[in-house]
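J.: Mind having a look at this structure? Questions to follow.
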Amino acid sequence: MLEAFFSSLLQVLEPTTFLLALLGIALGFVVGILPGLGGAVTLALMLPFVYDMEPVQAFAFLLGMWVVTATTGDITSVLLGVPGEATSAAAVLDGYPLTKRGEAGRALGAVLFSSALGAVFGAFVLALSVPIVRPLVLASGPPHFFMLTLLGLTFVVTLSGGDVLKGFLMAAFGMLVSLVGIDPQAGVPRYTFDQLYLWDGIDLVPLVVGLFAGAEVLQLMLSKTSIAQSPPGKLSGIGVGVRDTLRHWGVVVRSSAIGAGIGIVPGMGGTVSQFIAYGVAQQTSKEPERFGKGSIEGVIAAGATNNAKDAGSLIPTVAFGLPAGAGTAVLLGAFLITGLNPGPEMLTTHVDVTFSMVWILVLSNLIAVAVAFLLLRHLVKLTFIRGTWLVPFLLVLLGIGAFTANNDFADIFVMLGAAVFGVIAIHWGWPRVPFLLAVVLGGLAERYLFLSYSLDGWSWLKDPAVIAFAVCMVAVVLWPPIRARRRRAAAARAPENDAVRGG
Amino acid sequence: MHSTGDTAPARIRVGDVVMTVTLLVVFSGAYLLAQDWPFRAAFVPRLLSVAGIGFAVLKLLGFAVRFRRSARPEPGEPAAPRVRAEGDEERDEQSMEYVFGTAGARAWIGAVAWVAAFFAGLWLAGVYVIVPVFAFVYLRVAGGASWLAAGVYAAVAGGVLWLAFTWLLEVPMPAGISF
């Protein structure tokens, strides 16, 4: 096994393979920076080019490109407040406020370095966990996956801060939006209002682009200033960001573990894991009130989980042929094109290909992060360009990002609707993230619920694991108010204690 | 001893009430629409809309309680002190909340009109016409750029767009209904 592990490194470093990996990395670098044009879309576009390649070469090209989009997607999130990828949305929440304060270098240093560490962690998990995870995944059923989706949602609802009800309302609305389209159970069109476009449901890409990027563009148009208004200093913040990441190593490990763990669950992609990791980082932070206003811990959590999740999502794809998301679903096509059968074969006959994926993950991310660090000084200058010069460019990206999802202009209308909703939500202080996550998870939760019901009726509700998930959910909802109450009580006691000591 | 901020009822924001009532109407409508569907199709929509109605009613009850407290202060208690409302973000001058909250009606109308013009142009004329035209006009009018700078930006924007998306990636672009 160890021999296969190291021989796969030599295969990756073979000149043609390595050059193909570099080409993939370069493409992924650009695609990741461009908001809206997702890694999955680019994977699909590049799939026809791998017909004549050897399996390791094909994965060096495709996987190298795919994982790098997540890394560089964070750069756009931090610098422009526009998620380069749907999976980079969480990096906007704290990365962009830091940029506005003139700390873009620090934010980028932290997000890129935590990305690299997350990638190494994820690759490590991928290498070690396949034999361990296999029986666990096989033993889990739809009820467990259903409860896992609800737990994920509950985590994010607690991100609503002091007003959990607002979070629940937005989550319920998001789940309702996810139900739009033909019902998979009975084939009934739900909430489609006789519009054929809505039969396939509302696409996630225009929704994410509008919800997050629309508001940012409007802000630039209203303020007409540059994204960052504080002077950048000497951009020495990059080193500070790297040191911040090392100082908050616990956040890196936790977020990477969440990314890899959630990535394993089919359907629960990076869009979900980034916000769960962000929520956990907020809950475990000593300064949770800084989250959303430029917390470096929030940036680190978003960066670390973003790359670890790719390795996690490869585990069910390689071991069971179960794609964990859109990207891995396209990647599954590459298996078939190169003559590989995902499953036990990938852990025996073709274990070298599986291990080569581990190396590609690590090398691609390290190369991308090194290149990004070299270009940072130039990238940061983007944030000091006047807003009016960025507006036409960003509007084009908004339009193209939404349109390329399905090549349908109706997606642009969806994006504009989402932008209006996002602006209203920001203006009135309603959380957008529970809404988005509920849209992602809604359909999945319904499918798992009906699968559970079809298999066991309602008896699955008595399953100990299901009960444990339910207890976790209650704890997640109750913990923040309990902690806030204890803090208030401690703060109220502090002056009395001081008075006693003083007296 | 409690601080005023701890015990005093928070100010009710009109936006919160509008949003809650809107969502209540949406959830009620969703529930009514689901009545005609078979059980399997209607189960989750009904469950969700009932939950949504419940959350919205709870939120409205919260507003009512807060309103009563602020309207009838207890003896010795200050009347409806101004404290930060729930969900309020720290409004520094660079935050979106601050910009959206302080922008005048003229700025809003201007920004929305530019966005509407861009997307209407995209729909009518397609990306290769609207991008250079919009970039040029926007930079000249809203950005105060020189003729030369706006012209160079417009040409580069159109060229890069064509090179990257059409020539290199071969991604279909919105062509516009006029062509």
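Ordered as shown in the structure tokens, chains take letters A, B, and onward, while each chain numbers its residues from 1 and ligands are numbered from 1 in the order shown.
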Select from chain A every residue with an atom at most 7 Å from any atom of chain B, then for each give the shortest pair of atoms and their distance in Å to one decimal, using only C-alpha atoms, rows by chain and rising number, as a Markdown table.
T.:
| residue | atom | partner | partner_atom | distance |
| --- | --- | --- | --- | --- |
| A:Lys100 | CA | B:Gln94 | CA | 6.7 |
| A:Gly162 | CA | B:Glu86 | CA | 6.6 |
| A:Asp163 | CA | B:Glu86 | CA | 6.5 |
| A:Leu165 | CA | B:Phe55 | CA | 6.4 |
| A:Leu169 | CA | B:Gly52 | CA | 6.0 |
| A:Ala172 | CA | B:Gly52 | CA | 5.8 |
| A:Leu176 | CA | B:Pro45 | CA | 6.8 |
| A:Asp183 | CA | B:Ala41 | CA | 6.1 |
| A:Gln185 | CA | B:Arg40 | CA | 6.2 |
| A:Ala186 | CA | B:Ala41 | CA | 5.8 |
| A:Val188 | CA | B:Ala41 | CA | 6.7 |
| A:Leu218 | CA | B:Ala111 | CA | 6.8 |
| A:Gln219 | CA | B:Met96 | CA | 6.2 |
| A:Met221 | CA | B:Ala111 | CA | 5.8 |
| A:Leu222 | CA | B:Ala107 | CA | 6.0 |
| A:Ser223 | CA | B:Val99 | CA | 6.7 |
| A:Thr388 | CA | B:Gly143 | CA | 5.3 |
| A:Trp389 | CA | B:Leu139 | CA | 6.8 |
| A:Pro392 | CA | B:Ala135 | CA | 5.4 |
| A:Asn407 | CA | B:Pro172 | CA | 6.7 |
| A:Ile426 | CA | B:Glu97 | CA | 6.3 |
| A:His427 | CA | B:Glu97 | CA | 5.6 |
| A:Trp428 | CA | B:Gly15 | CA | 5.5 |
| A:Gly429 | CA | B:Gly87 | CA | 5.1 |
| A:Trp430 | CA | B:Gly87 | CA | 6.9 |
| A:Glu446 | CA | B:Val44 | CA | 6.8 |
J.: I'd like to know which residues of segment 39-231 of chain A are strand (DSSP E) (by DSSP, run on the backbone); could you write them as a ChimeraX atom specification?
T.: /A:181-182,189-190
J.: Using only C-alpha atoms, which of A:Val351, A:Ala91, A:Leu220, A:Val12 sits nearest Ile385 of chain A?
T.: A:Leu220
J.: Do you know which residues are at most 8 Å from Asp94 of chain A counting only C-alpha atoms, after dropping those on the same chain fewer than 2 positions away, and could you put them as a PyMOL selection string?
T.: chain A and resi 78+90-92+96-98+291-296+298-299
J.: Restricting it to N, CA, C and O atoms, dump the selection as a JSON list (two decimals), in the first residue's frame.
T.:
[["chain", "number", "residue", "atom", "x", "y", "z"],
["A", 78, "VAL", "N", -12.92, 37.80, -1.04],
["A", 78, "VAL", "CA", -12.27, 38.71, -0.08],
["A", 78, "VAL", "C", -12.07, 40.09, -0.70],
["A", 78, "VAL", "O", -12.36, 41.11, -0.08],
["A", 90, "ALA", "N", -19.03, 32.02, 2.02],
["A", 90, "ALA", "CA", -18.77, 32.30, 3.45],
["A", 90, "ALA", "C", -17.55, 33.20, 3.62],
["A", 90, "ALA", "O", -17.46, 33.95, 4.60],
["A", 91, "ALA", "N", -16.61, 33.14, 2.67],
["A", 91, "ALA", "CA", -15.41, 33.98, 2.78],
["A", 91, "ALA", "C", -15.74, 35.45, 2.63],
["A", 91, "ALA", "O", -14.99, 36.32, 3.07],
["A", 92, "VAL", "N", -16.89, 35.75, 1.99],
["A", 92, "VAL", "CA", -17.31, 37.14, 1.81],
["A", 92, "VAL", "C", -17.65, 37.77, 3.17],
["A", 92, "VAL", "O", -17.33, 38.92, 3.44],
["A", 96, "TYR", "N", -14.51, 40.30, 3.20],
["A", 96, "TYR", "CA", -14.79, 41.58, 2.55],
["A", 96, "TYR", "C", -14.78, 42.74, 3.55],
["A", 96, "TYR", "O", -14.20, 43.79, 3.24],
["A", 97, "PRO", "N", -15.39, 42.59, 4.72],
["A", 97, "PRO", "CA", -15.27, 43.68, 5.70],
["A", 97, "PRO", "C", -13.81, 44.00, 6.05],
["A", 97, "PRO", "O", -13.46, 45.16, 6.25],
["A", 98, "LEU", "N", -12.95, 42.98, 6.10],
["A", 98, "LEU", "CA", -11.52, 43.23, 6.36],
["A", 98, "LEU", "C", -10.91, 44.03, 5.21],
["A", 98, "LEU", "O", -10.12, 44.94, 5.43],
["A", 291, "PHE", "N", -18.00, 38.22, 14.23],
["A", 291, "PHE", "CA", -18.28, 37.48, 13.00],
["A", 291, "PHE", "C", -19.26, 38.29, 12.13],
["A", 291, "PHE", "O", -20.26, 38.78, 12.61],
["A", 292, "GLY", "N", -18.94, 38.36, 10.85],
["A", 292, "GLY", "CA", -19.75, 39.14, 9.91],
["A", 292, "GLY", "C", -19.27, 40.57, 9.81],
["A", 292, "GLY", "O", -19.75, 41.33, 8.98],
["A", 293, "LYS", "N", -18.34, 40.96, 10.69],
["A", 293, "LYS", "CA", -17.85, 42.35, 10.67],
["A", 293, "LYS", "C", -16.34, 42.40, 10.41],
["A", 293, "LYS", "O", -15.74, 43.45, 10.56],
["A", 294, "GLY", "N", -15.76, 41.25, 10.10],
["A", 294, "GLY", "CA", -14.32, 41.22, 9.82],
["A", 294, "GLY", "C", -13.55, 40.37, 10.81],
["A", 294, "GLY", "O", -12.45, 40.74, 11.20],
["A", 295, "SER", "N", -14.12, 39.23, 11.18],
["A", 295, "SER", "CA", -13.42, 38.32, 12.09],
["A", 295, "SER", "C", -12.44, 37.47, 11.30],
["A", 295, "SER", "O", -12.81, 36.83, 10.31],
["A", 296, "ILE", "N", -11.19, 37.45, 11.74],
["A", 296, "ILE", "CA", -10.18, 36.66, 11.03],
["A", 296, "ILE", "C", -10.47, 35.16, 11.20],
["A", 296, "ILE", "O", -10.17, 34.36, 10.31],
["A", 298, "GLY", "N", -13.44, 33.83, 11.14],
["A", 298, "GLY", "CA", -14.44, 33.52, 10.12],
["A", 298, "GLY", "C", -13.79, 33.28, 8.77],
["A", 298, "GLY", "O", -14.16, 32.37, 8.03],
["A", 299, "VAL", "N", -12.78, 34.11, 8.46],
["A", 299, "VAL", "CA", -12.05, 33.97, 7.18],
["A", 299, "VAL", "C", -11.31, 32.63, 7.14],
["A", 299, "VAL", "O", -11.36, 31.90, 6.15]]
J.: I need the residues in segment 290-462 of chain A that are helix (DSSP H, G or I) according to DSSP; give them as a count of residues only.
T.: 140
J.: Any idea what's packed within 6 Å of segment 312-321 of chain A, counting only C-alpha atoms, ignoring anything in its chain fewer than 4 positions away? Could you give it as a list in words?
T.: Ala260, Gly263, Ile264, Pro342 and Gly343 of chain A
J.: If you measure from atom CA of Lys166 of chain A to atom CA of Gly417 of chain A, what distance in Å do you get, rounded to one decimal?
T.: 20.1 Å
J.: Which residues of segment 148-235 of chain A have any atom within 8 Å of an atom in segment 470-486 of chain A when counting only C-alpha atoms, and what is the closest pair of atoms for each, with the distance in Å to one decimal? Order the rows by chain and rising number and write it as a Markdown table.
T.:
| residue | atom | partner | partner_atom | distance |
| --- | --- | --- | --- | --- |
| A:Leu150 | CA | A:Met473 | CA | 7.9 |
| A:Leu151 | CA | A:Met473 | CA | 5.6 |
| A:Thr154 | CA | A:Met473 | CA | 6.2 |
| A:Phe155 | CA | A:Val476 | CA | 6.4 |
| A:Thr158 | CA | A:Val477 | CA | 6.4 |
| A:Gly162 | CA | A:Pro481 | CA | 8.0 |
J.: Take the residues just selected and output them with C-alpha atoms as a PDB file, in the first residue's frame.
T.:
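Output file again01.pdb follows:
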ATOM      1  CA  LEU A 150     -31.702  19.247   9.382  1.00  0.00           C
ATOM      2  CA  LEU A 151     -28.726  19.501  11.737  1.00  0.00           C
ATOM      3  CA  THR A 154     -30.072  24.280  12.460  1.00  0.00           C
ATOM      4  CA  PHE A 155     -26.385  25.182  12.747  1.00  0.00           C
ATOM      5  CA  THR A 158     -28.085  30.026  14.816  1.00  0.00           C
ATOM      6  CA  GLY A 162     -29.830  37.324  18.559  1.00  0.00           C
TER       7      GLY A 162
END
J.: Restricting the calculation to only C-alpha atoms: of B:Val21, B:Leu32, B:Leu60, B:Ala125, which residue gets closest to Ile177 of chain B?
T.: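 For Ile177 of chain B, the nearest of the given residues is B:Ala125.
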